[in-house]
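Structure file input_3.cif (mmCIF, C-alpha atoms and all ligand atoms) follows.
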```
data_upload
loop_
_atom_site.label_atom_id
_atom_site.label_comp_id
_atom_site.auth_asym_id
_atom_site.auth_seq_id
_atom_site.Cartn_x
_atom_site.Cartn_y
_atom_site.Cartn_z
CA MET N 1 -17.18 61.27 54.05
CA PRO N 2 -18.43 58.35 51.91
CA SER N 3 -18.49 58.98 48.19
CA TYR N 4 -21.79 58.33 46.47
CA GLU N 5 -22.05 57.12 42.94
CA PRO N 6 -25.59 57.04 41.63
CA ALA N 7 -26.32 54.40 39.01
CA PRO N 8 -27.18 56.01 35.66
CA VAL N 9 -30.92 56.38 35.33
CA PRO N 10 -32.01 54.29 32.34
CA GLY N 11 -33.66 56.07 29.49
CA THR N 12 -32.41 59.45 30.55
CA ASP N 13 -28.95 59.43 28.92
CA LEU N 14 -29.38 62.30 26.55
CA GLY N 15 -27.07 60.80 23.92
CA ALA N 16 -28.65 57.41 23.33
CA PRO N 17 -32.34 56.69 22.80
CA PRO N 18 -33.58 53.81 24.97
CA TYR N 19 -33.14 50.36 23.42
CA ILE N 20 -36.63 49.32 24.52
CA ASP N 21 -39.19 52.10 24.52
CA CYS N 22 -42.82 51.32 25.40
CA GLN N 23 -45.29 54.15 25.85
CA ASP N 24 -48.94 53.87 26.78
CA LEU N 25 -48.92 50.27 25.61
CA PHE N 26 -52.15 48.26 25.53
CA LYS N 27 -52.77 44.58 24.93
CA ILE N 28 -56.35 43.41 24.87
CA TYR N 29 -57.16 39.72 24.49
CA LYS N 30 -60.58 38.84 23.18
CA ILE N 31 -62.12 35.49 23.97
CA ALA N 32 -65.65 35.13 22.56
CA ASN N 33 -67.34 38.32 23.80
CA LEU N 34 -65.02 38.84 26.71
CA GLU N 35 -62.18 41.36 26.63
CA VAL N 36 -59.20 41.01 28.95
CA VAL N 37 -57.01 44.10 29.22
CA ALA N 38 -53.62 42.56 30.02
CA LEU N 39 -51.58 45.76 29.49
CA ARG N 40 -53.25 49.10 30.15
CA GLY N 41 -51.07 52.06 29.28
CA LEU N 42 -47.72 50.57 30.22
CA ASP N 43 -44.56 52.69 30.01
CA LEU N 44 -41.10 51.14 30.05
CA LYS N 45 -37.67 52.26 28.90
CA VAL N 46 -34.63 50.01 28.94
CA ARG N 47 -31.13 51.17 28.12
CA ARG N 48 -28.94 49.17 25.71
CA GLY N 49 -26.74 46.83 27.75
CA GLU N 50 -28.90 47.07 30.85
CA MET N 51 -29.87 44.05 32.92
CA MET N 52 -33.22 44.62 34.58
CA ALA N 53 -36.02 42.65 36.16
CA ILE N 54 -39.79 42.85 36.11
CA VAL N 55 -41.83 41.74 39.10
CA GLY N 56 -45.54 41.78 39.86
CA ALA N 57 -48.48 39.74 41.08
CA SER N 58 -49.83 36.84 39.05
CA GLY N 59 -51.95 38.15 36.18
CA SER N 60 -50.44 41.65 36.25
CA GLY N 61 -49.24 41.40 32.62
CA LYS N 62 -45.58 40.38 32.91
CA SER N 63 -45.65 37.52 30.40
CA THR N 64 -47.84 39.55 28.08
CA LEU N 65 -45.22 42.30 28.02
CA LEU N 66 -42.40 39.83 27.42
CA ASN N 67 -44.33 38.15 24.59
CA VAL N 68 -44.87 41.54 22.98
CA LEU N 69 -41.17 42.39 23.28
CA ALA N 70 -40.28 38.97 21.86
CA GLY N 71 -42.44 39.56 18.80
CA LEU N 72 -44.65 36.60 19.72
CA ASP N 73 -47.72 38.76 20.25
CA GLN N 74 -48.73 42.07 18.70
CA PRO N 75 -49.80 44.94 21.00
CA SER N 76 -53.30 46.43 20.57
CA ALA N 77 -52.32 50.11 20.88
CA GLY N 78 -49.62 52.47 22.06
CA ARG N 79 -45.95 52.56 21.14
CA ALA N 80 -43.40 49.77 21.40
CA PHE N 81 -39.94 50.12 19.89
CA VAL N 82 -37.03 47.71 20.26
CA GLY N 83 -33.70 48.77 18.75
CA GLY N 84 -35.57 51.32 16.61
CA ARG N 85 -38.02 48.70 15.25
CA ASP N 86 -41.71 49.50 15.62
CA LEU N 87 -43.43 46.39 17.00
CA LEU N 88 -46.90 47.73 16.16
CA THR N 89 -46.39 48.15 12.45
CA MET N 90 -44.05 45.25 11.64
CA SER N 91 -45.25 42.90 8.90
CA GLY N 92 -45.46 39.13 9.47
CA GLY N 93 -42.19 38.59 7.59
CA GLU N 94 -40.38 41.30 9.54
CA MET N 95 -41.66 39.76 12.77
CA VAL N 96 -40.19 36.36 11.84
CA GLU N 97 -36.86 38.00 11.02
CA TYR N 98 -37.01 40.01 14.27
CA ARG N 99 -37.62 36.87 16.34
CA ARG N 100 -34.81 35.01 14.58
CA THR N 101 -32.11 37.67 14.80
CA GLN N 102 -32.99 40.20 17.49
CA VAL N 103 -34.23 38.29 20.54
CA GLY N 104 -33.46 35.20 22.53
CA PHE N 105 -36.15 33.83 24.82
CA VAL N 106 -35.97 31.58 27.89
CA TRP N 107 -39.20 30.11 29.30
CA GLN N 108 -39.87 29.04 32.85
CA GLN N 109 -40.72 25.47 31.87
CA THR N 110 -37.37 23.84 31.14
CA GLY N 111 -39.16 21.36 28.85
CA ARG N 112 -40.42 24.15 26.59
CA ASN N 113 -36.93 25.45 25.78
CA LEU N 114 -35.25 22.26 24.57
CA VAL N 115 -35.90 19.47 22.07
CA PRO N 116 -35.99 16.34 24.29
CA TYR N 117 -34.38 13.91 21.83
CA LEU N 118 -31.42 16.17 20.95
CA ASN N 119 -28.37 16.50 23.17
CA ALA N 120 -27.13 19.82 24.56
CA VAL N 121 -24.83 20.73 21.69
CA GLN N 122 -27.43 19.74 19.06
CA ASN N 123 -30.07 21.85 20.83
CA VAL N 124 -27.82 24.89 20.63
CA GLU N 125 -27.03 24.19 16.96
CA VAL N 126 -30.70 24.10 15.83
CA PRO N 127 -31.35 27.87 15.66
CA MET N 128 -28.04 28.48 13.88
CA ILE N 129 -28.66 25.79 11.25
CA LEU N 130 -32.20 27.16 10.72
CA ALA N 131 -30.61 30.57 10.16
CA GLY N 132 -28.41 29.08 7.43
CA MET N 133 -25.10 28.57 9.24
CA SER N 134 -22.92 25.64 8.14
CA ARG N 135 -22.93 22.56 10.41
CA SER N 136 -19.27 22.87 11.30
CA ALA N 137 -19.53 26.57 12.19
CA ALA N 138 -22.69 25.86 14.22
CA ARG N 139 -20.92 23.04 16.10
CA GLU N 140 -18.01 25.31 16.92
CA ARG N 141 -20.21 28.16 18.21
CA ALA N 142 -22.51 25.78 20.11
CA THR N 143 -19.50 24.33 21.92
CA GLU N 144 -18.25 27.85 22.76
CA LEU N 145 -21.67 28.90 24.08
CA LEU N 146 -21.94 25.80 26.24
CA GLU N 147 -18.49 26.62 27.61
CA ALA N 148 -19.72 30.15 28.35
CA VAL N 149 -22.60 28.69 30.41
CA LYS N 150 -20.10 26.31 32.07
CA LEU N 151 -21.47 23.10 30.59
CA GLU N 152 -18.47 21.95 28.56
CA HIS N 153 -18.63 18.63 30.45
CA ARG N 154 -22.28 18.04 29.44
CA LEU N 155 -22.18 18.56 25.66
CA HIS N 156 -23.60 15.16 24.75
CA HIS N 157 -26.24 14.80 27.46
CA ASN N 158 -29.91 14.87 26.52
CA PRO N 159 -32.19 17.18 28.55
CA ASN N 160 -33.49 14.28 30.70
CA GLN N 161 -29.87 13.53 31.70
CA LEU N 162 -29.37 17.09 32.99
CA SER N 163 -30.50 18.80 36.21
CA GLY N 164 -33.15 21.54 35.99
CA GLY N 165 -30.50 24.24 36.44
CA GLU N 166 -28.27 22.67 33.77
CA GLN N 167 -31.23 22.51 31.38
CA GLN N 168 -31.87 26.23 31.94
CA ARG N 169 -28.22 26.98 31.20
CA VAL N 170 -28.50 25.04 27.92
CA SER N 171 -31.68 27.06 27.23
CA ILE N 172 -29.74 30.29 27.73
CA ALA N 173 -27.07 29.05 25.29
CA VAL N 174 -29.87 28.24 22.78
CA ALA N 175 -31.36 31.73 23.27
CA LEU N 176 -27.96 33.31 22.57
CA ALA N 177 -27.18 31.09 19.56
CA ASN N 178 -27.86 33.67 16.88
CA ASN N 179 -26.15 36.42 18.84
CA PRO N 180 -29.29 38.45 19.64
CA PRO N 181 -28.75 41.86 21.24
CA LEU N 182 -31.73 41.21 23.55
CA LEU N 183 -32.36 38.31 25.92
CA LEU N 184 -35.81 37.90 27.47
CA ALA N 185 -36.44 35.39 30.23
CA ASP N 186 -39.86 34.61 31.72
CA GLU N 187 -39.36 33.20 35.23
CA PRO N 188 -36.24 31.31 34.16
CA THR N 189 -35.59 30.13 37.72
CA GLY N 190 -39.19 29.28 38.62
CA GLU N 191 -38.49 25.56 38.66
CA LEU N 192 -35.08 25.78 40.34
CA ASP N 193 -33.99 25.76 43.98
CA SER N 194 -32.16 28.79 45.39
CA VAL N 195 -28.69 27.40 44.55
CA GLY N 196 -29.69 26.66 40.95
CA ALA N 197 -31.36 30.07 40.70
CA GLY N 198 -28.22 31.79 42.02
CA ILE N 199 -26.08 30.09 39.35
CA VAL N 200 -28.48 31.12 36.56
CA PHE N 201 -28.62 34.76 37.75
CA GLU N 202 -24.82 34.90 38.03
CA LEU N 203 -24.63 33.59 34.50
CA PHE N 204 -27.00 36.30 33.23
CA GLY N 205 -24.76 38.90 34.89
CA GLU N 206 -21.66 37.46 33.28
CA LEU N 207 -23.23 37.27 29.79
CA ASN N 208 -24.47 40.82 30.22
CA ARG N 209 -20.99 42.08 31.09
CA ARG N 210 -19.14 39.91 28.56
CA TYR N 211 -21.35 40.34 25.48
CA GLY N 212 -23.25 43.53 26.36
CA VAL N 213 -26.57 41.69 25.84
CA THR N 214 -29.56 43.67 27.11
CA ILE N 215 -31.40 41.37 29.52
CA VAL N 216 -34.99 41.58 30.81
CA ILE N 217 -35.98 38.95 33.37
CA VAL N 218 -39.48 38.36 34.74
CA THR N 219 -39.13 36.79 38.15
CA HIS N 220 -40.65 36.11 41.55
CA ASP N 221 -37.20 35.71 43.10
CA PRO N 222 -37.25 37.69 46.38
CA ASP N 223 -33.52 38.53 46.11
CA ILE N 224 -33.74 39.93 42.59
CA ALA N 225 -33.05 43.57 43.56
CA ALA N 226 -29.54 42.59 44.63
CA ARG N 227 -28.82 40.85 41.34
CA VAL N 228 -29.81 43.43 38.68
CA ASP N 229 -29.40 47.15 37.97
CA ARG N 230 -33.10 47.91 38.28
CA VAL N 231 -36.38 46.24 39.18
CA ALA N 232 -39.64 47.54 37.69
CA ALA N 233 -42.90 46.44 39.31
CA ILE N 234 -46.02 45.96 37.19
CA ARG N 235 -49.46 46.40 38.71
CA ASP N 236 -52.66 45.86 36.73
CA GLY N 237 -50.94 46.08 33.36
CA ARG N 238 -48.90 49.23 34.11
CA THR N 239 -45.43 49.84 35.52
CA SER N 240 -45.92 51.29 39.00
CA THR N 241 -42.62 51.53 40.87
CA GLU N 242 -38.92 51.05 40.21
CA ILE N 243 -36.08 50.07 42.50
CA PHE N 244 -32.53 51.09 41.61
CA ARG N 245 -29.41 49.54 43.00
CA ARG N 246 -26.94 52.15 44.28
CA ILE N 247 -23.38 51.49 45.27
CA ARG N 248 -21.95 53.62 48.09
CA THR N 249 -18.29 53.41 48.93
CA GLU N 250 -17.27 54.00 52.53
CA GLY N 251 -13.49 53.82 52.84
CA ASN N 252 -12.58 50.57 51.12
CA GLU N 253 -16.01 49.09 51.53
CA ALA N 254 -18.71 49.12 48.85
CA LYS N 255 -22.23 49.10 50.24
CA VAL N 256 -25.27 48.29 48.13
CA THR N 257 -28.48 50.14 48.88
CA HIS N 258 -31.81 50.29 47.08
CA ASP N 259 -33.89 53.34 46.19
CA GLU N 260 -37.56 52.98 45.32
CA TYR N 261 -39.37 55.44 43.02
CA VAL N 262 -42.97 55.83 41.90
CA LEU N 263 -43.20 56.23 38.11
CA VAL N 264 -44.86 59.28 36.60
CA ASP N 265 -46.05 58.85 33.01
CA ALA N 266 -46.21 61.42 30.21
CA ALA N 267 -49.74 62.42 31.27
CA GLY N 268 -48.63 62.99 34.88
CA ARG N 269 -50.28 59.83 36.22
CA LEU N 270 -48.68 57.95 39.08
CA GLN N 271 -49.72 55.06 41.28
CA ILE N 272 -49.71 55.75 44.99
CA PRO N 273 -48.88 52.58 46.94
CA ARG N 274 -52.06 50.89 48.22
CA GLU N 275 -50.86 50.79 51.83
CA PHE N 276 -50.40 54.60 51.86
CA LEU N 277 -53.91 55.12 50.49
CA ASP N 278 -55.36 52.74 53.06
CA ARG N 279 -53.46 54.30 55.93
CA LEU N 280 -54.64 57.82 55.01
CA ASN N 281 -58.14 56.66 54.15
CA ILE N 282 -57.91 58.01 50.60
CA HIS N 283 -60.54 56.54 48.29
CA ASP N 284 -61.99 58.20 45.21
CA ARG N 285 -60.30 61.57 45.33
CA ALA N 286 -57.53 63.46 47.09
CA LYS N 287 -56.23 66.99 47.20
CA VAL N 288 -52.80 67.69 45.74
CA LEU N 289 -51.10 70.75 47.21
CA MET N 290 -47.82 72.35 46.26
CA GLY N 291 -45.54 72.30 49.29
CA GLU N 292 -42.00 73.60 49.80
CA GLY N 293 -40.24 71.77 46.91
CA ARG N 294 -42.70 68.90 47.16
CA LEU N 295 -46.25 67.82 46.46
CA GLU N 296 -48.60 66.90 49.25
CA VAL N 297 -51.50 64.53 48.78
CA LEU N 298 -54.25 65.00 51.37
CA PRO N 299 -57.32 62.89 52.03
CA GLU N 300 -60.53 64.68 51.14
CA HIS N 301 -61.72 65.28 54.71
CA LEU N 302 -58.42 66.95 55.70
CA ALA N 303 -58.29 68.99 52.50
CA ARG N 304 -61.57 70.84 53.14
CA GLY N 305 -60.88 74.48 53.75
CA GLN N 306 -57.41 74.19 52.21
CA GLY N 307 -56.63 75.57 48.76
CA GLU N 308 -59.56 76.83 46.77
CA ARG N 309 -62.04 74.20 47.94
CA ARG N 310 -64.84 75.42 50.21
N1 LIG N 401 -53.77 34.39 25.41
C1 LIG N 401 -54.56 34.99 26.31
N2 LIG N 401 -55.88 35.11 26.11
C2 LIG N 401 -56.68 35.72 27.00
N3 LIG N 401 -56.26 36.27 28.15
C3 LIG N 401 -54.95 36.18 28.43
C4 LIG N 401 -54.03 35.53 27.54
N4 LIG N 401 -52.79 35.61 28.07
C5 LIG N 401 -52.93 36.25 29.25
N5 LIG N 401 -54.22 36.60 29.47
C6 LIG N 401 -54.74 37.36 30.62
O1 LIG N 401 -54.02 38.57 30.70
C7 LIG N 401 -53.69 38.90 32.04
C8 LIG N 401 -52.18 39.03 32.18
O2 LIG N 401 -51.61 37.74 31.99
P1 LIG N 401 -50.05 37.47 32.06
O3 LIG N 401 -49.83 36.07 31.62
O4 LIG N 401 -49.33 38.52 31.31
O5 LIG N 401 -49.76 37.61 33.63
P2 LIG N 401 -48.40 37.39 34.45
O6 LIG N 401 -48.10 38.67 35.13
O7 LIG N 401 -47.37 36.80 33.56
O8 LIG N 401 -48.85 36.33 35.57
P3 LIG N 401 -48.02 35.09 36.21
O9 LIG N 401 -47.13 35.67 37.27
O10 LIG N 401 -49.11 34.24 36.80
O11 LIG N 401 -47.29 34.40 35.12
C9 LIG N 401 -54.31 37.80 32.91
O12 LIG N 401 -55.54 38.27 33.36
C10 LIG N 401 -54.49 36.66 31.94
O13 LIG N 401 -55.59 35.86 32.32
MG MG N 402 -46.39 34.94 33.46
#
```

What would you get if you wrote out this structure as structure tokens?
Amino acid sequence: MPSYEPAPVPGTDLGAPPYIDCQDLFKIYKIANLEVVALRGLDLKVRRGEMMAIVGASGSGKSTLLNVLAGLDQPSAGRAFVGGRDLLTMSGGEMVEYRRTQVGFVWQQTGRNLVPYLNAVQNVEVPMILAGMSRSAARERATELLEAVKLEHRLHHNPNQLSGGEQQRVSIAVALANNPPLLLADEPTGELDSVGAGIVFELFGELNRRYGVTIVIVTHDPDIAARVDRVAAIRDGRTSTEIFRRIRTEGNEAKVTHDEYVLVDAAGRLQIPREFLDRLNIHDRAKVLMGEGRLEVLPEHLARGQGERR
């Protein structure tokens, strides 16, 4: 019989509190008189040392969430903790310190991550020198980081002398310069072909294993579920479903399968996949019945006469 080893479910290890803990998080942007609700009651827990991905349609709130976690944007309401720090009540000074020491960020646009007139090693040195490290120590660590991202042969190339994938690897080294426990990446492979994207994802995996960095990646990559521990989908500013990677061993062979779950928040809300609602013709309301060890959701017309409804 094949043995089955479930992946640990993040946020449920009783010993350790989650490293990232967002509950009922809201972000409302105001432009003139118009309000845009970019996050509407989002829940997310991420374990320390986890590597996970966030997917979702354009405009669903992915970048907004990442900017909040990066300390670049303050949430409007709810709870957001990273490593025990409360992102809603941090002062301006604490936010600057948080951004400098606690998070590394990689943007989709390669050009946004790097200073164009500095070479690779100088780009990686900048954040360390700004943090007060001596030039010689910064040079040594920058060289090590560029070796870690397999660019030791490109130390003195400027960004325009590097391929898109190489530029993103320099960007990752820059993001890791001050040794942050958290690495956030917003569509880091958006401008790369599938080979370049594969190399960048492999690198994330290696850095995650080697340094224990917690990594959250926003991506549209269709193969992402095979590359990370967990994929959370965001719909309309809320996390809706999660896919976990499971490893089954059959004899000597390890097989990877994926399990999809619907998330249930503290208030008992869940999002039923649109295609199920459409198929069952469920619109404004449905009947929830307790079945044998399960809940059943019935469309209104089938529910009449069942339960207490008459
Ligand atoms: N600075 C801002 N001011 C006003 N509205 C904003 C701002 N940033 C984002 N929004 C709005 O908030 C919503 C969520 O945007 P967000 O950038 O988080 O989406 P996304 O999931 O990252 O999309 P994409 O996949 O296209 O990058 C969108 O409706 C967007 O128009
Ligand atoms: Mg975005």

Problem - Gap from CA of Val124 in chain N to CA of Phe81 in chain N - Å, one decimal - result: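 According to the coordinates, CA of Val124 in chain N and CA of Phe81 in chain N are separated by 28.0 Å.
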
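Closest approach to Pro116 in chain N among N:Gly190, N:Pro159, N:Pro17, N:Gly196 is made by N:Pro159 (distances from only C-alpha atoms).
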
Exercise for the section: Please identify every polymer residue within 7 Å of ligand LIG 401 (chain N), using only C-alpha atoms and all ligand atoms, and present the set as a PyMOL selection string. Expected result: chain N and resi 29-31+36-38+56-65

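Closest approach to ligand MG 402 (chain N) among N:Asp24, N:Glu187, N:Asp193, N:Asp259 is made by N:Glu187 (distances from all atoms listed in the file).
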
Practice task
Check the smallest atom-to-atom distance from each of N:Ile20, N:Ala138, N:Val96, N:Leu130 to Asp73 in chain N using all atoms listed in the file, then report the winner.
Solution key: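 Nearest candidate to Asp73 in chain N out of N:Ile20, N:Ala138, N:Val96, N:Leu130: N:Val96.
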
Exercise for the section: For CA of Ile215 in chain N and CA of Ala53 in chain N, quote the distance in Å rounded to one decimal. Expected result: 8.2 Å

Practice task
Find, counting only C-alpha atoms and all ligand atoms, the residue in N:Ala226, N:Ile247, N:Leu66, N:Val174 that gets nearest to ligand MG 402 (chain N).
Solution key: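 Ranked by minimum distance to ligand MG 402 (chain N), first place goes to N:Leu66.
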
Problem - Atom pair CA of Arg209 in chain N / CA of Leu263 in chain N: separation (Å) - result: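 Answer for the CA of Arg209 in chain N to CA of Leu263 in chain N separation: 27.3 Å.
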
Handout entry: Residue with smallest distance to ligand MG 402 (chain N) - pool N:Gly92, N:Gly78, N:Pro188, N:Pro273, counting all atoms listed in the file
Key =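 Checking each candidate against ligand MG 402 (chain N), we get N:Pro188 as the closest.
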
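Using only C-alpha atoms and all ligand atoms, the shortest contact distance between ligand MG 402 (chain N) and any of N:Arg139, N:Lys27, N:Arg230, N:His220 is found at N:His220.
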
With only C-alpha atoms as the counted atoms, please give the residues lying no more than 7 Å from Thr110 in chain N, apart from itself and same-chain residues fewer than 3 positions off, as an mmCIF file with C-alpha atoms, in the frame of the given file.
```cif
data_model
loop_
_atom_site.group_PDB
_atom_site.id
_atom_site.type_symbol
_atom_site.label_atom_id
_atom_site.label_comp_id
_atom_site.auth_asym_id
_atom_site.auth_seq_id
_atom_site.Cartn_x
_atom_site.Cartn_y
_atom_site.Cartn_z
ATOM 1 C CA TRP N 107 -39.200 30.110 29.300
ATOM 2 C CA ASN N 113 -36.930 25.450 25.780
ATOM 3 C CA GLY N 164 -33.150 21.540 35.990
ATOM 4 C CA GLN N 167 -31.230 22.510 31.380
ATOM 5 C CA GLN N 168 -31.870 26.230 31.940
#
```

When you look at Ala77 in chain N with a cut-off of 8 Å (counting only C-alpha atoms), what residues show up, excluding the ones that are within fewer than 2 positions of it in the same chain? I need them as a PDB file with C-alpha atoms, keeping the file's coordinate frame.
```
ATOM      1  CA  ASP N  24     -48.940  53.870  26.780  1.00  0.00           C
ATOM      2  CA  LEU N  25     -48.920  50.270  25.610  1.00  0.00           C
ATOM      3  CA  PHE N  26     -52.150  48.260  25.530  1.00  0.00           C
ATOM      4  CA  LYS N  27     -52.770  44.580  24.930  1.00  0.00           C
ATOM      5  CA  PRO N  75     -49.800  44.940  21.000  1.00  0.00           C
ATOM      6  CA  ARG N  79     -45.950  52.560  21.140  1.00  0.00           C
ATOM      7  CA  LEU N  88     -46.900  47.730  16.160  1.00  0.00           C
TER       8      LEU N  88
END
```

Practice task
With all atoms listed in the file counted, which protein, DNA or RNA residues have an atom no more than 9 Å from (-22.7, 20.1, 31.2) in the file frame? Please answer as a list in words.
Solution key: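 All residues meeting the 9 Å criterion around (-22.7, 20.1, 31.2) are Ala120, Leu146, Glu147, Val149, Lys150, Leu151, Glu152, His153, Arg154, Leu155, His156, His157, Leu162, Glu166, Gln167, Arg169 and Val170 of chain N.
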
Handout entry: Within 9 Å of Val213 in chain N using all atoms listed in the file, minus same-chain residues under 4 positions, as a PyMOL selection string
Key = chain N and resi 48-51+179-183+207-209

Keeping C-alpha atoms, export the residues of the selection given above as a PDB file, in the frame of the given file.
```pdb
ATOM      1  CA  ARG N  48     -28.940  49.170  25.710  1.00  0.00           C
ATOM      2  CA  GLY N  49     -26.740  46.830  27.750  1.00  0.00           C
ATOM      3  CA  GLU N  50     -28.900  47.070  30.850  1.00  0.00           C
ATOM      4  CA  MET N  51     -29.870  44.050  32.920  1.00  0.00           C
ATOM      5  CA  ASN N 179     -26.150  36.420  18.840  1.00  0.00           C
ATOM      6  CA  PRO N 180     -29.290  38.450  19.640  1.00  0.00           C
ATOM      7  CA  PRO N 181     -28.750  41.860  21.240  1.00  0.00           C
ATOM      8  CA  LEU N 182     -31.730  41.210  23.550  1.00  0.00           C
ATOM      9  CA  LEU N 183     -32.360  38.310  25.920  1.00  0.00           C
ATOM     10  CA  LEU N 207     -23.230  37.270  29.790  1.00  0.00           C
ATOM     11  CA  ASN N 208     -24.470  40.820  30.220  1.00  0.00           C
ATOM     12  CA  ARG N 209     -20.990  42.080  31.090  1.00  0.00           C
TER      13      ARG N 209
END
```

Exercise for the section: Take the point (-33.4, 46.3, 36.4) in the file's coordinates, draw a sphere of radius 12 Å around it, and report as a PyMOL selection string every protein, DNA or RNA residue with an atom inside or on it, counting all atoms listed in the file. Expected result: chain N and resi 7-11+44-55+205+214-219+224-233+241-246+258+260

Please write C-alpha atoms of range 173-236 of chain N, from the structure given just now, as an mmCIF file, in the first residue's frame.
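Heads up, here's the output in result.cif:
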```cif
data_model
loop_
_atom_site.group_PDB
_atom_site.id
_atom_site.type_symbol
_atom_site.label_atom_id
_atom_site.label_comp_id
_atom_site.auth_asym_id
_atom_site.auth_seq_id
_atom_site.Cartn_x
_atom_site.Cartn_y
_atom_site.Cartn_z
ATOM 1 C CA ALA N 173 20.245 39.136 -4.595
ATOM 2 C CA VAL N 174 19.451 42.838 -3.946
ATOM 3 C CA ALA N 175 16.252 41.860 -2.106
ATOM 4 C CA LEU N 176 18.219 39.453 0.106
ATOM 5 C CA ALA N 177 21.093 41.890 0.760
ATOM 6 C CA ASN N 178 20.117 42.823 4.297
ATOM 7 C CA ASN N 179 19.217 39.256 5.182
ATOM 8 C CA PRO N 180 15.447 39.776 5.487
ATOM 9 C CA PRO N 181 13.426 36.863 6.873
ATOM 10 C CA LEU N 182 10.699 37.564 4.284
ATOM 11 C CA LEU N 183 10.965 37.788 0.509
ATOM 12 C CA LEU N 184 8.014 39.148 -1.480
ATOM 13 C CA ALA N 185 7.923 38.947 -5.255
ATOM 14 C CA ASP N 186 5.223 40.504 -7.455
ATOM 15 C CA GLU N 187 5.120 38.621 -10.766
ATOM 16 C CA PRO N 188 8.901 38.217 -10.795
ATOM 17 C CA THR N 189 8.780 36.100 -13.947
ATOM 18 C CA GLY N 190 6.187 38.167 -15.818
ATOM 19 C CA GLU N 191 8.730 39.416 -18.338
ATOM 20 C CA LEU N 192 10.610 36.119 -18.717
ATOM 21 C CA ASP N 193 10.156 33.149 -21.037
ATOM 22 C CA SER N 194 9.395 29.723 -19.551
ATOM 23 C CA VAL N 195 13.081 28.722 -19.319
ATOM 24 C CA GLY N 196 14.003 31.968 -17.540
ATOM 25 C CA ALA N 197 10.967 31.602 -15.274
ATOM 26 C CA GLY N 198 11.948 28.017 -14.406
ATOM 27 C CA ILE N 199 15.444 29.151 -13.368
ATOM 28 C CA VAL N 200 14.051 31.942 -11.169
ATOM 29 C CA PHE N 201 11.538 29.600 -9.458
ATOM 30 C CA GLU N 202 14.250 26.995 -8.863
ATOM 31 C CA LEU N 203 16.365 29.707 -7.313
ATOM 32 C CA PHE N 204 13.533 30.743 -4.972
ATOM 33 C CA GLY N 205 13.227 27.105 -3.878
ATOM 34 C CA GLU N 206 16.943 26.843 -3.215
ATOM 35 C CA LEU N 207 17.085 30.116 -1.233
ATOM 36 C CA ASN N 208 14.056 28.995 0.741
ATOM 37 C CA ARG N 209 15.707 25.697 1.659
ATOM 38 C CA ARG N 210 19.197 27.130 2.217
ATOM 39 C CA TYR N 211 18.371 30.263 4.229
ATOM 40 C CA GLY N 212 14.883 29.427 5.514
ATOM 41 C CA VAL N 213 13.546 32.669 3.987
ATOM 42 C CA THR N 214 9.746 32.828 3.959
ATOM 43 C CA ILE N 215 8.744 33.515 0.344
ATOM 44 C CA VAL N 216 5.447 34.835 -1.048
ATOM 45 C CA ILE N 217 5.215 35.047 -4.833
ATOM 46 C CA VAL N 218 2.393 36.634 -6.827
ATOM 47 C CA THR N 219 2.309 34.989 -10.218
ATOM 48 C CA HIS N 220 0.322 34.099 -13.312
ATOM 49 C CA ASP N 221 2.609 31.143 -14.032
ATOM 50 C CA PRO N 222 0.328 28.190 -14.917
ATOM 51 C CA ASP N 223 2.793 25.649 -13.459
ATOM 52 C CA ILE N 224 3.113 27.370 -10.092
ATOM 53 C CA ALA N 225 1.310 24.658 -8.086
ATOM 54 C CA ALA N 226 4.131 22.237 -8.871
ATOM 55 C CA ARG N 227 6.790 24.670 -7.687
ATOM 56 C CA VAL N 228 5.579 25.784 -4.226
ATOM 57 C CA ASP N 229 4.113 24.265 -1.053
ATOM 58 C CA ARG N 230 0.778 26.038 -1.403
ATOM 59 C CA VAL N 231 -1.118 28.282 -3.792
ATOM 60 C CA ALA N 232 -3.777 30.663 -2.454
ATOM 61 C CA ALA N 233 -6.228 32.176 -4.926
ATOM 62 C CA ILE N 234 -7.582 35.690 -4.372
ATOM 63 C CA ARG N 235 -10.979 36.671 -5.736
ATOM 64 C CA ASP N 236 -12.411 40.169 -5.337
#
```
